[in-house]
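Note sheet for the following structure.
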There are 2 protein chains.
Amino acid sequence: MRKGEQTRREIIRKAAPIFNQKGYDGAALSDLMRATGLEKGGIYRHFSSKEALAAEAFDYAWRETFDSRIRDLDSISNTVGRLKQFIANFVERRGVIPGGCPLLNTAIDTDDGNSVLRARARKALRGWRSYLISMIRAGIKARQIRPRIDPKKLATLIIGSLEGAIMLCRLERSEEPLRAVQAHLNNYLDTVVGVPSK
Amino acid sequence: MRKGEQTRREIIRKAAPIFNQKGYDGAALSDLMRATGLEKGGIYRHFSSKEALAAEAFDYAWRETFDSRIRDLDSISNTVGRLKQFIANFVERRGVIPGGCPLLNTAIDTDDGNSVLRARARKALRGWRSYLISMIRAGIKARQIRPRIDPKKLATLIIGSLEGAIMLCRLERSEEPLRAVQAHLNNYLDTVVGVPSK
């Protein structure tokens, strides 16, 4: 890898927690300089604008976060088990990027604002939902999930209730909301979504 | 009411949508001046700091939002019916203060930042949850809700999944996520939470 490209990646990696914790407007140049150990010129040699850096930082933060959530799923053959493991990953593997879920933060930060960042957040959400929808569809095909389950609605329910619970956990500095939502979703998957094994 | 107090309230009322849409850091003095039609001195004669104004604006925004969510509940005698009407109010009566749910926005905006605003958001959440817990407890006493239901967990589930769905709706500019969560919660209330009527 070229030296310039290495520096660029290093800036993204170090800027990601700043944007995730402080938001787009809250992330000051001085914060970015402190985190990267570079001067303004050293940072903006590699990015055309704060917006361009924030967009790359979001994509990096999301990739790291999403990767940690889908780890260890391939070895589980039953779809309900995989969905439950996904939820467990979500609950247990937080803090990959300090500041909470990058998707939630960026969605709230940009829903009335920055359209470039908002487009990145939408893309992240679409990717996540598609991933779950594919899994659920495969589960219906394999007769592990009941055919009357709507894959898109189930994916939306899982994403929405986990993300809302994260907000509550972070506001209260407590694990309880995520645990309550996890227990509810697991029970719903077992009793309503899954085909009972014979 | 004294003239000064009237002006103060007017500033709060006009600043609330700015803070709710742009966040604490994003709300610039120029935005606040434009919204209120006042100069800097005219605004800060009434508030000791931007933080003090933001805190009052949050309290106002939350009061208006919460009031609209609990309207029309008293006339419904059955607890499951009341919870469903609460959810319907949440889904249908948005936009009381432009920018989405003030609690969600302020929680995300301040979870790594402003502790004064964060304390206001925590207080709002506690008040909302206590309101639902009281309703659920009364429902258990009245034998309308099953005694094995944990009031705090049910309240957390309702709040978390609705708030998460708001984030998805606003990111996608679509009603679907809230409708999906509403249908799920209503069904859960009917089949698991409520005591079937004889």
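By convention here, the chains of the structure tokens are called A, B, ... in the order presented, each chain's residues are numbered starting at 1, and ligands are numbered starting at 1 in the order presented.
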- Which neighbours of Ala155 (chain B) fall inside 9 Å, counting only C-alpha atoms, when residues of the same chain fewer than 6 positions from it are skipped, and could you give them as JSON, numbers by chain? {"B": [128, 129, 130, 131, 132, 133, 136]}
- Compile the residues of chain A that lie within 8 Å of chain B, evaluated using only C-alpha atoms, and express the compilation as an MDAnalysis selection string. chainID A and resid 21:23 25:26 99 104:105 107:109 111:113 118 121:122 153 156:157 159:165 167:168 170:172 177 180:181 184
- Long-range neighbours of region 1-15 of chain B as a PyMOL selection string, 12 Å cut-off, only C-alpha atoms, 4 positions minimum in chain: chain B and resi 19-24+27-40+42-48+50-64+96-98
Could the residues in this selection be saved with C-alpha atoms as a PDB file, in the first residue's frame?
ATOM      1  CA  PHE B  19     -32.716  22.556  18.352  1.00  0.00           C
ATOM      2  CA  ASN B  20     -34.920  19.565  17.490  1.00  0.00           C
ATOM      3  CA  GLN B  21     -33.941  19.640  13.828  1.00  0.00           C
ATOM      4  CA  LYS B  22     -30.315  20.726  14.011  1.00  0.00           C
ATOM      5  CA  GLY B  23     -29.154  19.377  17.350  1.00  0.00           C
ATOM      6  CA  TYR B  24     -27.346  21.335  20.032  1.00  0.00           C
ATOM      7  CA  ALA B  27     -28.204  25.137  16.078  1.00  0.00           C
ATOM      8  CA  ALA B  28     -26.302  28.315  15.241  1.00  0.00           C
ATOM      9  CA  LEU B  29     -26.957  31.693  16.795  1.00  0.00           C
ATOM     10  CA  SER B  30     -27.923  32.930  13.332  1.00  0.00           C
ATOM     11  CA  ASP B  31     -30.616  30.210  13.141  1.00  0.00           C
ATOM     12  CA  LEU B  32     -31.975  31.231  16.535  1.00  0.00           C
ATOM     13  CA  MET B  33     -31.935  34.913  15.565  1.00  0.00           C
ATOM     14  CA  ARG B  34     -33.776  34.209  12.319  1.00  0.00           C
ATOM     15  CA  ALA B  35     -36.406  32.035  14.058  1.00  0.00           C
ATOM     16  CA  THR B  36     -37.066  34.490  16.871  1.00  0.00           C
ATOM     17  CA  GLY B  37     -36.602  37.705  14.916  1.00  0.00           C
ATOM     18  CA  LEU B  38     -34.345  38.962  17.722  1.00  0.00           C
ATOM     19  CA  GLU B  39     -30.731  40.046  17.949  1.00  0.00           C
ATOM     20  CA  LYS B  40     -28.230  38.136  20.069  1.00  0.00           C
ATOM     21  CA  GLY B  42     -32.490  40.199  22.735  1.00  0.00           C
ATOM     22  CA  ILE B  43     -32.237  36.430  23.100  1.00  0.00           C
ATOM     23  CA  TYR B  44     -29.570  36.254  25.792  1.00  0.00           C
ATOM     24  CA  ARG B  45     -31.208  38.886  27.963  1.00  0.00           C
ATOM     25  CA  HIS B  46     -33.622  36.053  28.841  1.00  0.00           C
ATOM     26  CA  PHE B  47     -31.251  33.075  29.070  1.00  0.00           C
ATOM     27  CA  SER B  48     -27.889  32.727  30.742  1.00  0.00           C
ATOM     28  CA  LYS B  50     -27.161  28.567  24.810  1.00  0.00           C
ATOM     29  CA  GLU B  51     -27.314  25.522  27.066  1.00  0.00           C
ATOM     30  CA  ALA B  52     -29.958  27.111  29.289  1.00  0.00           C
ATOM     31  CA  LEU B  53     -32.090  27.996  26.256  1.00  0.00           C
ATOM     32  CA  ALA B  54     -31.648  24.514  24.760  1.00  0.00           C
ATOM     33  CA  ALA B  55     -32.728  22.912  28.042  1.00  0.00           C
ATOM     34  CA  GLU B  56     -35.905  25.016  28.209  1.00  0.00           C
ATOM     35  CA  ALA B  57     -36.577  24.357  24.533  1.00  0.00           C
ATOM     36  CA  PHE B  58     -36.258  20.609  25.104  1.00  0.00           C
ATOM     37  CA  ASP B  59     -38.629  20.671  28.074  1.00  0.00           C
ATOM     38  CA  TYR B  60     -41.159  22.622  26.017  1.00  0.00           C
ATOM     39  CA  ALA B  61     -40.800  20.320  22.983  1.00  0.00           C
ATOM     40  CA  TRP B  62     -41.161  17.229  25.140  1.00  0.00           C
ATOM     41  CA  ARG B  63     -44.214  18.560  27.000  1.00  0.00           C
ATOM     42  CA  GLU B  64     -45.990  19.321  23.723  1.00  0.00           C
ATOM     43  CA  VAL B  96     -45.968  18.497  16.827  1.00  0.00           C
ATOM     44  CA  ILE B  97     -42.449  19.916  16.944  1.00  0.00           C
ATOM     45  CA  PRO B  98     -40.707  19.619  13.556  1.00  0.00           C
TER      46      PRO B  98
END
- How many Å separate CA of Val193 (chain A) from CA of Arg146 (chain A)?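 Answer for the CA of Val193 (chain A) to CA of Arg146 (chain A) separation: 6.0 Å.
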- Message: Give me, as a PyMOL selection string, all polymer residues having an atom no more than 7 Å from region 73-89 of chain B, counting only C-alpha atoms and skipping those fewer than 5 positions away in the same chain.
- Response: chain B and resi 135-136+139+144+182+186+189+194
- helix (DSSP H, G or I) residues, from DSSP on the backbone, in chain A, as a count of residues only: 148
